[in-house]
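Peer 1: Data file protein_16.pdb (PDB, C-alpha atoms and all ligand atoms) is appended below.
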ATOM      1  CA  MET A   9     -65.108  43.173 -55.043
ATOM      2  CA  LYS A  10     -63.497  46.409 -56.201
ATOM      3  CA  LEU A  11     -61.663  47.814 -53.172
ATOM      4  CA  THR A  12     -60.541  50.815 -55.188
ATOM      5  CA  SER A  13     -64.101  52.088 -55.596
ATOM      6  CA  ALA A  14     -65.174  54.476 -52.833
ATOM      7  CA  GLY A  15     -68.828  53.359 -53.242
ATOM      8  CA  GLU A  16     -67.969  49.671 -52.812
ATOM      9  CA  VAL A  17     -65.735  50.288 -49.814
ATOM     10  CA  ARG A  18     -68.496  52.307 -48.145
ATOM     11  CA  ARG A  19     -70.973  49.497 -48.831
ATOM     12  CA  LEU A  20     -68.550  46.864 -47.543
ATOM     13  CA  MET A  21     -68.043  48.802 -44.322
ATOM     14  CA  GLU A  22     -71.801  49.311 -43.841
ATOM     15  CA  GLU A  23     -72.673  45.675 -44.599
ATOM     16  CA  ASN A  24     -70.214  44.567 -41.932
ATOM     17  CA  GLY A  25     -71.335  47.151 -39.399
ATOM     18  CA  LEU A  26     -67.963  48.911 -39.506
ATOM     19  CA  ARG A  27     -66.987  52.542 -39.146
ATOM     20  CA  PHE A  28     -63.750  54.240 -40.151
ATOM     21  CA  ASN A  29     -61.945  54.548 -36.856
ATOM     22  CA  LYS A  30     -60.279  57.968 -36.822
ATOM     23  CA  GLY A  31     -58.412  57.079 -33.657
ATOM     24  CA  TYR A  32     -56.574  54.366 -35.598
ATOM     25  CA  GLY A  33     -55.813  56.676 -38.534
ATOM     26  CA  GLN A  34     -58.117  54.744 -40.857
ATOM     27  CA  ASN A  35     -58.054  56.367 -44.276
ATOM     28  CA  PHE A  36     -58.226  53.547 -46.784
ATOM     29  CA  LEU A  37     -56.775  53.768 -50.268
ATOM     30  CA  VAL A  38     -59.448  53.896 -52.983
ATOM     31  CA  SER A  39     -57.274  54.593 -55.990
ATOM     32  CA  ASP A  40     -56.929  52.299 -58.999
ATOM     33  CA  SER A  41     -53.238  52.914 -59.503
ATOM     34  CA  ILE A  42     -51.615  53.951 -56.174
ATOM     35  CA  PRO A  43     -51.722  50.587 -54.306
ATOM     36  CA  GLY A  44     -49.987  48.828 -57.220
ATOM     37  CA  ARG A  45     -47.428  51.611 -57.558
ATOM     38  CA  ILE A  46     -46.549  51.411 -53.844
ATOM     39  CA  ALA A  47     -46.251  47.612 -53.995
ATOM     40  CA  GLU A  48     -44.078  47.861 -57.104
ATOM     41  CA  GLY A  49     -42.082  50.795 -55.716
ATOM     42  CA  CYS A  50     -40.811  48.892 -52.695
ATOM     43  CA  GLY A  51     -38.691  46.982 -55.210
ATOM     44  CA  ALA A  52     -38.674  43.615 -53.434
ATOM     45  CA  GLU A  53     -37.864  40.420 -55.346
ATOM     46  CA  PRO A  54     -40.699  37.940 -56.159
ATOM     47  CA  GLU A  55     -39.610  35.443 -53.478
ATOM     48  CA  ASP A  56     -39.120  38.104 -50.758
ATOM     49  CA  GLY A  57     -41.160  38.566 -47.611
ATOM     50  CA  ILE A  58     -43.163  41.714 -46.937
ATOM     51  CA  LEU A  59     -44.127  43.105 -43.559
ATOM     52  CA  GLU A  60     -47.202  45.308 -43.918
ATOM     53  CA  ILE A  61     -48.344  47.505 -41.053
ATOM     54  CA  GLY A  62     -52.045  48.337 -40.945
ATOM     55  CA  PRO A  63     -53.584  46.365 -43.847
ATOM     56  CA  GLY A  64     -57.054  47.823 -43.152
ATOM     57  CA  ILE A  65     -59.474  46.122 -45.558
ATOM     58  CA  GLY A  66     -56.646  44.839 -47.730
ATOM     59  CA  THR A  67     -56.290  47.191 -50.704
ATOM     60  CA  LEU A  68     -52.474  47.361 -50.595
ATOM     61  CA  THR A  69     -52.254  43.863 -49.102
ATOM     62  CA  ARG A  70     -53.738  42.292 -52.235
ATOM     63  CA  GLU A  71     -51.191  44.024 -54.455
ATOM     64  CA  LEU A  72     -48.376  42.826 -52.195
ATOM     65  CA  CYS A  73     -49.671  39.234 -52.132
ATOM     66  CA  ARG A  74     -49.866  39.208 -55.945
ATOM     67  CA  ARG A  75     -46.238  40.181 -56.312
ATOM     68  CA  TYR A  76     -44.236  38.713 -53.436
ATOM     69  CA  GLY A  77     -43.462  35.373 -51.782
ATOM     70  CA  LYS A  78     -44.956  35.912 -48.347
ATOM     71  CA  VAL A  79     -46.843  38.790 -46.724
ATOM     72  CA  VAL A  80     -47.349  39.253 -42.989
ATOM     73  CA  ALA A  81     -49.808  42.011 -42.141
ATOM     74  CA  VAL A  82     -50.122  43.429 -38.612
ATOM     75  CA  GLU A  83     -53.493  45.103 -37.918
ATOM     76  CA  ILE A  84     -54.563  46.513 -34.545
ATOM     77  CA  ASP A  85     -58.299  46.721 -35.242
ATOM     78  CA  ALA A  86     -59.881  43.317 -34.590
ATOM     79  CA  SER A  87     -63.199  44.407 -36.122
ATOM     80  CA  LEU A  88     -61.553  44.653 -39.573
ATOM     81  CA  ILE A  89     -60.088  41.146 -39.556
ATOM     82  CA  PRO A  90     -63.183  39.220 -40.861
ATOM     83  CA  VAL A  91     -63.498  41.640 -43.811
ATOM     84  CA  LEU A  92     -59.758  41.519 -44.464
ATOM     85  CA  LYS A  93     -59.897  37.724 -44.515
ATOM     86  CA  LYS A  94     -62.708  37.881 -47.102
ATOM     87  CA  THR A  95     -61.018  40.428 -49.375
ATOM     88  CA  THR A  96     -57.777  38.449 -49.392
ATOM     89  CA  GLU A  97     -59.206  34.900 -49.396
ATOM     90  CA  GLU A  98     -57.663  33.991 -52.764
ATOM     91  CA  PHE A  99     -54.117  34.361 -51.387
ATOM     92  CA  ASP A 100     -52.420  31.579 -49.475
ATOM     93  CA  ASN A 101     -49.193  33.567 -48.941
ATOM     94  CA  LEU A 102     -50.731  35.967 -46.388
ATOM     95  CA  THR A 103     -50.623  35.792 -42.593
ATOM     96  CA  VAL A 104     -52.646  38.368 -40.645
ATOM     97  CA  LEU A 105     -51.659  39.157 -37.064
ATOM     98  CA  CYS A 106     -54.118  41.154 -34.991
ATOM     99  CA  GLN A 107     -51.680  43.145 -32.872
ATOM    100  CA  ASP A 108     -50.449  46.624 -32.070
ATOM    101  CA  VAL A 109     -47.270  46.973 -34.116
ATOM    102  CA  LEU A 110     -45.708  49.103 -31.390
ATOM    103  CA  LYS A 111     -45.970  46.153 -28.993
ATOM    104  CA  VAL A 112     -44.742  43.473 -31.392
ATOM    105  CA  ASP A 113     -41.362  41.869 -30.791
ATOM    106  CA  LEU A 114     -40.036  42.417 -34.308
ATOM    107  CA  PRO A 115     -36.965  40.141 -34.272
ATOM    108  CA  THR A 116     -39.160  37.252 -33.028
ATOM    109  CA  LEU A 117     -41.862  37.993 -35.607
ATOM    110  CA  LEU A 118     -39.291  38.027 -38.395
ATOM    111  CA  ARG A 119     -37.647  34.818 -37.246
ATOM    112  CA  GLU A 120     -40.952  32.955 -36.804
ATOM    113  CA  GLN A 121     -42.736  34.249 -39.898
ATOM    114  CA  PHE A 122     -40.004  34.740 -42.452
ATOM    115  CA  GLY A 123     -37.110  32.484 -41.442
ATOM    116  CA  ASP A 124     -34.288  33.133 -43.902
ATOM    117  CA  ARG A 125     -36.341  35.166 -46.367
ATOM    118  CA  ARG A 126     -35.282  38.729 -47.148
ATOM    119  CA  VAL A 127     -37.882  41.122 -45.735
ATOM    120  CA  THR A 128     -39.068  44.529 -46.910
ATOM    121  CA  VAL A 129     -41.511  46.764 -45.051
ATOM    122  CA  CYS A 130     -44.287  48.180 -47.212
ATOM    123  CA  ALA A 131     -47.194  50.082 -45.670
ATOM    124  CA  ASN A 132     -49.628  52.937 -45.741
ATOM    125  CA  LEU A 133     -48.890  53.998 -42.170
ATOM    126  CA  PRO A 134     -51.385  55.232 -39.582
ATOM    127  CA  TYR A 135     -50.181  58.854 -39.451
ATOM    128  CA  TYR A 136     -50.782  59.360 -35.718
ATOM    129  CA  ILE A 137     -47.843  57.064 -34.930
ATOM    130  CA  THR A 138     -45.571  57.526 -37.962
ATOM    131  CA  THR A 139     -42.457  58.495 -35.977
ATOM    132  CA  PRO A 140     -42.677  55.778 -33.289
ATOM    133  CA  ILE A 141     -43.248  53.127 -35.974
ATOM    134  CA  LEU A 142     -40.322  54.330 -38.091
ATOM    135  CA  MET A 143     -37.987  54.529 -35.093
ATOM    136  CA  LYS A 144     -39.076  51.092 -33.910
ATOM    137  CA  LEU A 145     -38.380  49.583 -37.345
ATOM    138  CA  LEU A 146     -35.014  51.330 -37.626
ATOM    139  CA  GLU A 147     -33.824  50.662 -34.093
ATOM    140  CA  SER A 148     -34.993  47.027 -34.082
ATOM    141  CA  ASP A 149     -31.724  45.781 -35.599
ATOM    142  CA  CYS A 150     -33.827  43.762 -38.079
ATOM    143  CA  ARG A 151     -32.101  43.611 -41.436
ATOM    144  CA  PHE A 152     -34.971  44.868 -43.607
ATOM    145  CA  GLU A 153     -34.110  45.327 -47.269
ATOM    146  CA  ASN A 154     -35.825  48.692 -47.225
ATOM    147  CA  ILE A 155     -38.781  50.477 -45.664
ATOM    148  CA  THR A 156     -41.328  51.871 -48.130
ATOM    149  CA  VAL A 157     -44.117  53.797 -46.484
ATOM    150  CA  MET A 158     -46.852  56.285 -47.165
ATOM    151  CA  VAL A 159     -46.637  59.211 -44.750
ATOM    152  CA  GLN A 160     -48.055  62.699 -44.457
ATOM    153  CA  LYS A 161     -46.521  65.006 -47.099
ATOM    154  CA  GLU A 162     -44.897  67.246 -44.461
ATOM    155  CA  VAL A 163     -43.257  64.238 -42.815
ATOM    156  CA  ALA A 164     -41.931  63.132 -46.217
ATOM    157  CA  GLY A 165     -40.466  66.638 -46.592
ATOM    158  CA  ARG A 166     -38.723  66.305 -43.238
ATOM    159  CA  LEU A 167     -37.421  62.823 -44.020
ATOM    160  CA  CYS A 168     -35.913  63.923 -47.344
ATOM    161  CA  ALA A 169     -34.452  67.264 -46.141
ATOM    162  CA  LYS A 170     -30.730  68.017 -46.299
ATOM    163  CA  PRO A 171     -28.744  69.769 -43.529
ATOM    164  CA  GLY A 172     -29.409  73.502 -43.565
ATOM    165  CA  GLU A 173     -32.829  73.208 -45.228
ATOM    166  CA  PRO A 174     -35.845  74.461 -43.240
ATOM    167  CA  ASP A 175     -37.395  70.986 -42.929
ATOM    168  CA  TYR A 176     -34.202  69.403 -41.584
ATOM    169  CA  GLY A 177     -34.627  68.357 -37.965
ATOM    170  CA  ALA A 178     -34.261  65.665 -35.317
ATOM    171  CA  LEU A 179     -36.348  63.135 -37.294
ATOM    172  CA  THR A 180     -34.288  63.717 -40.479
ATOM    173  CA  ALA A 181     -30.998  63.168 -38.661
ATOM    174  CA  ALA A 182     -32.329  60.186 -36.692
ATOM    175  CA  VAL A 183     -33.499  58.400 -39.859
ATOM    176  CA  ALA A 184     -30.417  59.424 -41.893
ATOM    177  CA  ARG A 185     -28.294  57.361 -39.500
ATOM    178  CA  TYR A 186     -29.907  54.218 -40.880
ATOM    179  CA  GLY A 187     -30.576  54.850 -44.540
ATOM    180  CA  LYS A 188     -31.033  57.101 -47.540
ATOM    181  CA  VAL A 189     -34.543  58.429 -48.104
ATOM    182  CA  THR A 190     -36.081  58.989 -51.534
ATOM    183  CA  ARG A 191     -39.564  60.230 -52.379
ATOM    184  CA  LEU A 192     -41.377  57.826 -54.682
ATOM    185  CA  LEU A 193     -44.738  59.494 -55.287
ATOM    186  CA  SER A 194     -47.150  62.137 -54.104
ATOM    187  CA  VAL A 195     -50.707  61.115 -53.234
ATOM    188  CA  SER A 196     -53.643  63.518 -53.026
ATOM    189  CA  PRO A 197     -56.374  63.327 -50.327
ATOM    190  CA  GLY A 198     -58.908  62.192 -52.963
ATOM    191  CA  CYS A 199     -57.155  58.805 -53.196
ATOM    192  CA  PHE A 200     -58.410  57.871 -49.684
ATOM    193  CA  LEU A 201     -61.726  57.139 -48.014
ATOM    194  CA  PRO A 202     -62.458  59.133 -45.961
ATOM    195  CA  ALA A 203     -60.317  61.849 -47.578
ATOM    196  CA  PRO A 204     -57.824  63.160 -45.004
ATOM    197  CA  LYS A 205     -57.186  66.897 -44.561
ATOM    198  CA  VAL A 206     -53.524  66.437 -45.509
ATOM    199  CA  SER A 207     -51.672  65.344 -48.626
ATOM    200  CA  SER A 208     -49.462  62.281 -48.573
ATOM    201  CA  ALA A 209     -46.282  60.948 -50.116
ATOM    202  CA  VAL A 210     -44.602  57.575 -50.395
ATOM    203  CA  VAL A 211     -40.970  57.417 -49.342
ATOM    204  CA  LYS A 212     -38.437  54.632 -49.524
ATOM    205  CA  ILE A 213     -35.734  54.313 -46.876
ATOM    206  CA  SER A 214     -32.909  52.287 -48.429
ATOM    207  CA  LEU A 215     -31.094  50.948 -45.400
ATOM    208  CA  TYR A 216     -27.315  51.046 -45.224
ATOM    209  CA  ARG A 217     -25.602  47.690 -44.905
ATOM    210  CA  GLU A 218     -22.842  49.603 -43.209
ATOM    211  CA  ARG A 219     -23.387  52.955 -41.513
ATOM    212  CA  PRO A 220     -21.921  55.931 -43.404
ATOM    213  CA  TYR A 221     -20.136  57.123 -40.228
ATOM    214  CA  LYS A 222     -18.222  55.682 -37.327
ATOM    215  CA  VAL A 223     -19.091  56.617 -33.775
ATOM    216  CA  GLU A 224     -17.823  55.337 -30.440
ATOM    217  CA  ASP A 225     -21.106  55.553 -28.533
ATOM    218  CA  GLU A 226     -24.440  55.400 -30.424
ATOM    219  CA  ALA A 227     -26.457  56.399 -27.348
ATOM    220  CA  LEU A 228     -24.332  59.507 -26.877
ATOM    221  CA  MET A 229     -24.845  60.414 -30.538
ATOM    222  CA  THR A 230     -28.617  60.108 -29.990
ATOM    223  CA  ARG A 231     -28.247  62.550 -27.088
ATOM    224  CA  CYS A 232     -26.282  64.979 -29.274
ATOM    225  CA  ILE A 233     -28.950  64.934 -31.994
ATOM    226  CA  ARG A 234     -31.780  65.286 -29.478
ATOM    227  CA  GLY A 235     -29.963  68.105 -27.693
ATOM    228  CA  ALA A 236     -29.075  69.931 -30.913
ATOM    229  CA  PHE A 237     -32.711  70.122 -32.028
ATOM    230  CA  SER A 238     -34.368  70.602 -28.640
ATOM    231  CA  GLN A 239     -34.219  74.383 -28.970
ATOM    232  CA  ARG A 240     -34.064  75.171 -32.667
ATOM    233  CA  ARG A 241     -33.617  78.914 -32.303
ATOM    234  CA  LYS A 242     -30.547  78.538 -30.132
ATOM    235  CA  THR A 243     -26.982  77.969 -31.269
ATOM    236  CA  LEU A 244     -25.646  74.426 -31.062
ATOM    237  CA  ALA A 245     -23.461  75.461 -28.099
ATOM    238  CA  ASN A 246     -26.447  76.729 -26.139
ATOM    239  CA  SER A 247     -28.726  73.798 -26.871
ATOM    240  CA  LEU A 248     -26.013  71.250 -26.116
ATOM    241  CA  SER A 249     -25.203  73.062 -22.844
ATOM    242  CA  SER A 250     -28.785  72.352 -21.722
ATOM    243  CA  GLU A 251     -28.583  68.687 -22.777
ATOM    244  CA  PHE A 252     -25.119  68.112 -21.259
ATOM    245  CA  SER A 253     -25.535  69.936 -17.976
ATOM    246  CA  GLU A 254     -22.531  68.011 -16.657
ATOM    247  CA  CYS A 255     -20.302  70.082 -19.009
ATOM    248  CA  ARG A 256     -19.529  73.791 -18.806
ATOM    249  CA  LYS A 257     -20.400  75.883 -21.865
ATOM    250  CA  GLU A 258     -16.689  76.532 -22.554
ATOM    251  CA  GLU A 259     -16.165  72.778 -22.762
ATOM    252  CA  ILE A 260     -18.989  72.435 -25.275
ATOM    253  CA  LEU A 261     -17.523  75.325 -27.295
ATOM    254  CA  LYS A 262     -14.115  73.624 -27.195
ATOM    255  CA  ALA A 263     -15.690  70.400 -28.522
ATOM    256  CA  ILE A 264     -17.451  72.358 -31.311
ATOM    257  CA  ALA A 265     -14.156  74.070 -32.234
ATOM    258  CA  ALA A 266     -12.297  70.733 -32.157
ATOM    259  CA  CYS A 267     -14.653  69.518 -34.908
ATOM    260  CA  GLY A 268     -13.840  72.611 -36.963
ATOM    261  CA  PHE A 269     -17.297  74.217 -36.598
ATOM    262  CA  PRO A 270     -17.785  77.958 -35.951
ATOM    263  CA  PRO A 271     -18.902  78.835 -32.394
ATOM    264  CA  ASP A 272     -22.302  80.168 -33.510
ATOM    265  CA  ILE A 273     -23.249  77.177 -35.682
ATOM    266  CA  ARG A 274     -26.795  75.818 -35.333
ATOM    267  CA  GLY A 275     -27.637  72.149 -35.035
ATOM    268  CA  GLU A 276     -29.572  72.066 -38.293
ATOM    269  CA  ARG A 277     -26.301  72.588 -40.225
ATOM    270  CA  LEU A 278     -24.866  69.227 -39.135
ATOM    271  CA  GLY A 279     -25.222  65.990 -41.066
ATOM    272  CA  VAL A 280     -24.932  62.577 -39.409
ATOM    273  CA  SER A 281     -21.147  62.275 -39.895
ATOM    274  CA  GLU A 282     -20.684  65.630 -38.173
ATOM    275  CA  PHE A 283     -22.938  64.568 -35.293
ATOM    276  CA  ALA A 284     -20.840  61.404 -34.971
ATOM    277  CA  ALA A 285     -17.584  63.417 -34.812
ATOM    278  CA  LEU A 286     -19.045  65.831 -32.268
ATOM    279  CA  SER A 287     -20.380  62.962 -30.176
ATOM    280  CA  ASP A 288     -16.913  61.371 -30.013
ATOM    281  CA  VAL A 289     -15.300  64.638 -28.829
ATOM    282  CA  ILE A 290     -18.013  65.222 -26.203
ATOM    283  CA  GLY A 291     -17.626  61.578 -25.161
ATOM    284  CA  ARG A 292     -13.957  62.171 -24.391
ATOM    285  CA  GLU A 293     -14.860  65.311 -22.454
ATOM    286  CA  LEU A 294     -17.359  63.326 -20.361
ATOM    287  CA  GLU A 295     -14.870  60.490 -19.909
ATOM    288  CA  GLY A 296     -12.571  62.937 -18.104
ATOM    289  CA  LYS A 297     -15.410  63.756 -15.715
ATOM    290  CA  LYS A 298     -16.101  60.191 -14.637
ATOM    291  CA  PRO A 299     -15.058  59.615 -11.037
ATOM    292  CA  THR A 300     -11.926  57.418 -10.915
ATOM    293  CA  ALA A 301     -11.836  54.478  -8.470
ATOM    294  CA  ASP A 302      -9.552  56.547  -6.195
ATOM    295  CA  SER A 303     -11.739  59.656  -6.224
ATOM    296  CA  ALA A 304     -14.873  57.566  -5.577
ATOM    297  CA  ALA A 305     -13.174  55.857  -2.618
ATOM    298  CA  GLU A 306     -12.045  59.235  -1.333
ATOM    299  CA  LYS A 307     -15.617  60.543  -1.625
ATOM    300  CA  GLY A 308     -16.959  57.424   0.092
ATOM    301  CA  LYS A 309     -14.519  57.922   2.960
ATOM    302  CA  GLY A 310     -15.745  61.502   3.323
ATOM    303  CA  ASN A 311     -19.367  60.353   3.489
ATOM    304  CA  HIS A 312     -18.485  57.735   6.067
ATOM    305  CA  ASP A 313     -16.627  60.275   8.191
ATOM    306  CA  GLU A 314     -19.641  62.575   8.186
ATOM    307  CA  SER A 315     -22.104  59.924   9.424
TER     308      SER A 315
HETATM  309  N1  LIG B 401     -53.346  49.642 -45.739
HETATM  310  C1  LIG B 401     -54.688  50.167 -45.779
HETATM  311  C2  LIG B 401     -54.863  51.020 -47.007
HETATM  312  O1  LIG B 401     -53.836  51.464 -47.555
HETATM  313  O2  LIG B 401     -56.004  51.260 -47.411
HETATM  314  C3  LIG B 401     -55.047  50.945 -44.509
HETATM  315  C4  LIG B 401     -54.116  52.062 -44.148
HETATM  316  S1  LIG B 401     -54.732  53.105 -42.845
HETATM  317  C5  LIG B 401     -53.944  54.619 -43.237
HETATM  318  C6  LIG B 401     -53.793  52.605 -41.409
HETATM  319  C7  LIG B 401     -54.115  51.231 -40.867
HETATM  320  O3  LIG B 401     -53.275  50.994 -39.721
HETATM  321  C8  LIG B 401     -55.528  51.058 -40.358
HETATM  322  O4  LIG B 401     -56.052  49.839 -40.839
HETATM  323  C9  LIG B 401     -55.411  51.019 -38.837
HETATM  324  O5  LIG B 401     -56.420  50.270 -38.188
HETATM  325  C10 LIG B 401     -54.032  50.380 -38.687
HETATM  326  N2  LIG B 401     -53.352  50.687 -37.396
HETATM  327  C11 LIG B 401     -53.471  51.807 -36.652
HETATM  328  N3  LIG B 401     -52.694  51.725 -35.562
HETATM  329  C12 LIG B 401     -52.047  50.529 -35.622
HETATM  330  C13 LIG B 401     -51.118  49.860 -34.773
HETATM  331  N4  LIG B 401     -50.668  50.427 -33.649
HETATM  332  N5  LIG B 401     -50.696  48.624 -35.129
HETATM  333  C14 LIG B 401     -51.137  48.047 -36.283
HETATM  334  N6  LIG B 401     -52.022  48.632 -37.122
HETATM  335  C15 LIG B 401     -52.473  49.858 -36.815
END
Now that the file is in, can you turn its structure into structure tokens?

Peer 2:
Amino acid sequence: MKLTSAGEVRRLMEENGLRFNKGYGQNFLVSDSIPGRIAEGCGAEPEDGILEIGPGIGTLTRELCRRYGKVVAVEIDASLIPVLKKTTEEFDNLTVLCQDVLKVDLPTLLREQFGDRRVTVCANLPYYITTPILMKLLESDCRFENITVMVQKEVAGRLCAKPGEPDYGALTAAVARYGKVTRLLSVSPGCFLPAPKVSSAVVKISLYRERPYKVEDEALMTRCIRGAFSQRRKTLANSLSSEFSECRKEEILKAIAACGFPPDIRGERLGVSEFAALSDVIGRELEGKKPTADSAAEKGKGNHDES
């Protein structure tokens, strides 16, 4: 069966009473060369494990199974599973899990399925949930070797952008905390069935073994990044004043100055190390605002007196 032929894939779907489910972002690869190039591009070692998200009817899955030690593929659409089993029947190194990847407990999956194997993520992602999937993979604390994924071309542009460039935004900074992104290849709509309206690109996120910055409070840094990009047209001081309503604007400006940034700087100028530095200064500012045990007791006494 030639899964890279649009005619054959159409026939396979019809024979099995299947339809391309738009709601699940089903645009299957029908290119002779792209699936192999993605599988090769993820750069895993022959004995490594691969986590594939959304195998569909198995076009990329087959290329992964040919090259690597073990492949675990998570597919949400139960109706595709019988076909997927048929198209991949020659491989005994594949496990298919019919689940929603956003609901999967990743550390448990990795432990149960891969044990001590090194694991790389390689997938042609369903575009409607690209960001939640990427953030789940990155925030899971799973030590993936790297994450190689096909995404919409515009998303690839955002992921690869540098501070100050028009595409640089909250997603760029959020992902840059975890790894370095490189674009591997561009893929035109004609390589998919059905052809999507958008172009695509494959990116590789090479994860840092050690973060390229030090920060006291990761959650506070997340707040800084979110705040900085919540109102793009505003200066950093103004957008952070909305996010940190517990601080006065002068305090935010003082924190910005303490990091050596001009008062009218915009969030899109800051790289992750700068966000980390800013987060630490704001953290100290907030620390000073925490009620001390004495002031809390004093307040409590006041409340008691009033009742
Ligand atoms: N890997 C195949 C290929 O390259 O031809 C299919 C890729 S298609 C763009 C995305 C796949 O992700 C579909 O098979 C779709 O059913 C599956 N999918 C969508 N949402 C999912 C979810 N939440 N969890 C797991 N798989 C999902």

Peer 1: I'd like the neighbourhood of Thr116 (chain A) as a list in words, where a residue qualifies if any of its atoms comes within 12 Å (using only C-alpha atoms), though same-chain residues fewer than 4 positions away should be ignored.

Peer 2: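 Here the qualifying residues turn out to be Lys111, Val112, Glu120, Gln121, Phe122, Gly123, Ser148, Asp149 and Cys150 of chain A.
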
Peer 1: Tell me which protein, DNA and RNA residues are within 8 Å of Val189 (chain A), counting all atoms listed in the file, leaving out same-chain ones fewer than 3 positions away, and put them as a count of residues only.

Peer 2: 7

Peer 1: Do you have the CA of Gln107 (chain A)-atom C10 of ligand LIG 401 (chain B) distance handy?

Peer 2: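 One can read the CA of Gln107 (chain A) to atom C10 of ligand LIG 401 (chain B) distance as 9.6 Å.
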
Peer 1: Would you name the residues within 8 Å of ligand LIG 401 (chain B), counting only C-alpha atoms and all ligand atoms, and put them as a PyMOL selection string?

Peer 2: chain A and resi 29+31-38+43+60-69+82-85+88+106-111+131-137+200

Peer 1: Hey, which of A:Arg19, A:Lys10, A:Lys298, A:Arg185 ends up closest to Gly279 (chain A)? Count only C-alpha atoms.

Peer 2: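 Among the listed residues, A:Arg185 lies closest to Gly279 (chain A).
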
Peer 1: Tell me, in Å to one decimal, how far CA of Arg45 (chain A) is from CA of Val210 (chain A).

Peer 2: 9.7 Å

Peer 1: So how many Å separate CA of Val91 (chain A) and CA of Leu118 (chain A), to one decimal?

Peer 2: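 Computing the Euclidean distance for CA of Val91 (chain A) and CA of Leu118 (chain A) yields 25.1 Å.
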
Peer 1: Nearest to Leu215 (chain A): which of A:Val80, A:Leu146, A:Val159, A:Ala263 is it, counting all atoms listed in the file?

Peer 2: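 Residue with the minimum atom-to-atom distance to Leu215 (chain A): A:Leu146.
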
Peer 1: Tell me which of A:Arg70, A:Arg126, A:Lys297, A:Arg27 sits closest to Cys255 (chain A), counting all atoms listed in the file.

Peer 2: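 Of all the options, A:Lys297 lies closest to Cys255 (chain A).
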
Peer 1: Which residues, written as a PyMOL selection string, have at least one atom at most 8 Å from region 177-180 of chain A, with all atoms listed in the file counted and residues fewer than 2 positions away on the same chain left out?

Peer 2: chain A and resi 139+166-169+175+182-184+233-234+237+276

Peer 1: Mind dumping region 239-249 of chain A from that block, keeping N, CA, C and O atoms, as a PDB file, in the first residue's frame?

Peer 2:
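The result, stored in result06.pdb:
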ATOM      1  N   GLN A 239      -0.444  43.192  26.063  1.00  0.00           N
ATOM      2  CA  GLN A 239      -0.876  44.362  25.283  1.00  0.00           C
ATOM      3  C   GLN A 239       0.312  44.842  24.472  1.00  0.00           C
ATOM      4  O   GLN A 239       1.074  45.693  24.919  1.00  0.00           O
ATOM      5  N   ARG A 240       0.474  44.276  23.305  1.00  0.00           N
ATOM      6  CA  ARG A 240       1.690  44.486  22.506  1.00  0.00           C
ATOM      7  C   ARG A 240       1.998  45.935  22.191  1.00  0.00           C
ATOM      8  O   ARG A 240       3.137  46.319  22.046  1.00  0.00           O
ATOM      9  N   ARG A 241       0.949  46.756  22.037  1.00  0.00           N
ATOM     10  CA  ARG A 241       1.212  48.137  21.623  1.00  0.00           C
ATOM     11  C   ARG A 241       1.686  48.998  22.787  1.00  0.00           C
ATOM     12  O   ARG A 241       2.137  50.111  22.598  1.00  0.00           O
ATOM     13  N   LYS A 242       1.533  48.489  23.985  1.00  0.00           N
ATOM     14  CA  LYS A 242       1.918  49.289  25.152  1.00  0.00           C
ATOM     15  C   LYS A 242       3.385  49.089  25.504  1.00  0.00           C
ATOM     16  O   LYS A 242       3.998  48.103  25.118  1.00  0.00           O
ATOM     17  N   THR A 243       3.924  50.041  26.273  1.00  0.00           N
ATOM     18  CA  THR A 243       5.301  49.858  26.752  1.00  0.00           C
ATOM     19  C   THR A 243       5.284  48.732  27.784  1.00  0.00           C
ATOM     20  O   THR A 243       4.234  48.393  28.348  1.00  0.00           O
ATOM     21  N   LEU A 244       6.484  48.218  28.062  1.00  0.00           N
ATOM     22  CA  LEU A 244       6.609  47.136  29.045  1.00  0.00           C
ATOM     23  C   LEU A 244       6.058  47.621  30.396  1.00  0.00           C
ATOM     24  O   LEU A 244       5.338  46.881  31.084  1.00  0.00           O
ATOM     25  N   ALA A 245       6.377  48.870  30.748  1.00  0.00           N
ATOM     26  CA  ALA A 245       5.938  49.399  32.054  1.00  0.00           C
ATOM     27  C   ALA A 245       4.414  49.378  32.148  1.00  0.00           C
ATOM     28  O   ALA A 245       3.845  48.962  33.166  1.00  0.00           O
ATOM     29  N   ASN A 246       3.755  49.794  31.075  1.00  0.00           N
ATOM     30  CA  ASN A 246       2.290  49.825  31.118  1.00  0.00           C
ATOM     31  C   ASN A 246       1.687  48.430  31.144  1.00  0.00           C
ATOM     32  O   ASN A 246       0.755  48.161  31.895  1.00  0.00           O
ATOM     33  N   SER A 247       2.230  47.521  30.305  1.00  0.00           N
ATOM     34  CA  SER A 247       1.616  46.188  30.320  1.00  0.00           C
ATOM     35  C   SER A 247       1.894  45.456  31.627  1.00  0.00           C
ATOM     36  O   SER A 247       1.029  44.743  32.134  1.00  0.00           O
ATOM     37  N   LEU A 248       3.098  45.656  32.190  1.00  0.00           N
ATOM     38  CA  LEU A 248       3.369  44.972  33.462  1.00  0.00           C
ATOM     39  C   LEU A 248       2.551  45.585  34.607  1.00  0.00           C
ATOM     40  O   LEU A 248       2.194  44.890  35.560  1.00  0.00           O
ATOM     41  N   SER A 249       2.223  46.881  34.494  1.00  0.00           N
ATOM     42  CA  SER A 249       1.403  47.502  35.554  1.00  0.00           C
ATOM     43  C   SER A 249       0.025  46.841  35.607  1.00  0.00           C
ATOM     44  O   SER A 249      -0.566  46.706  36.670  1.00  0.00           O
TER      45      SER A 249
END
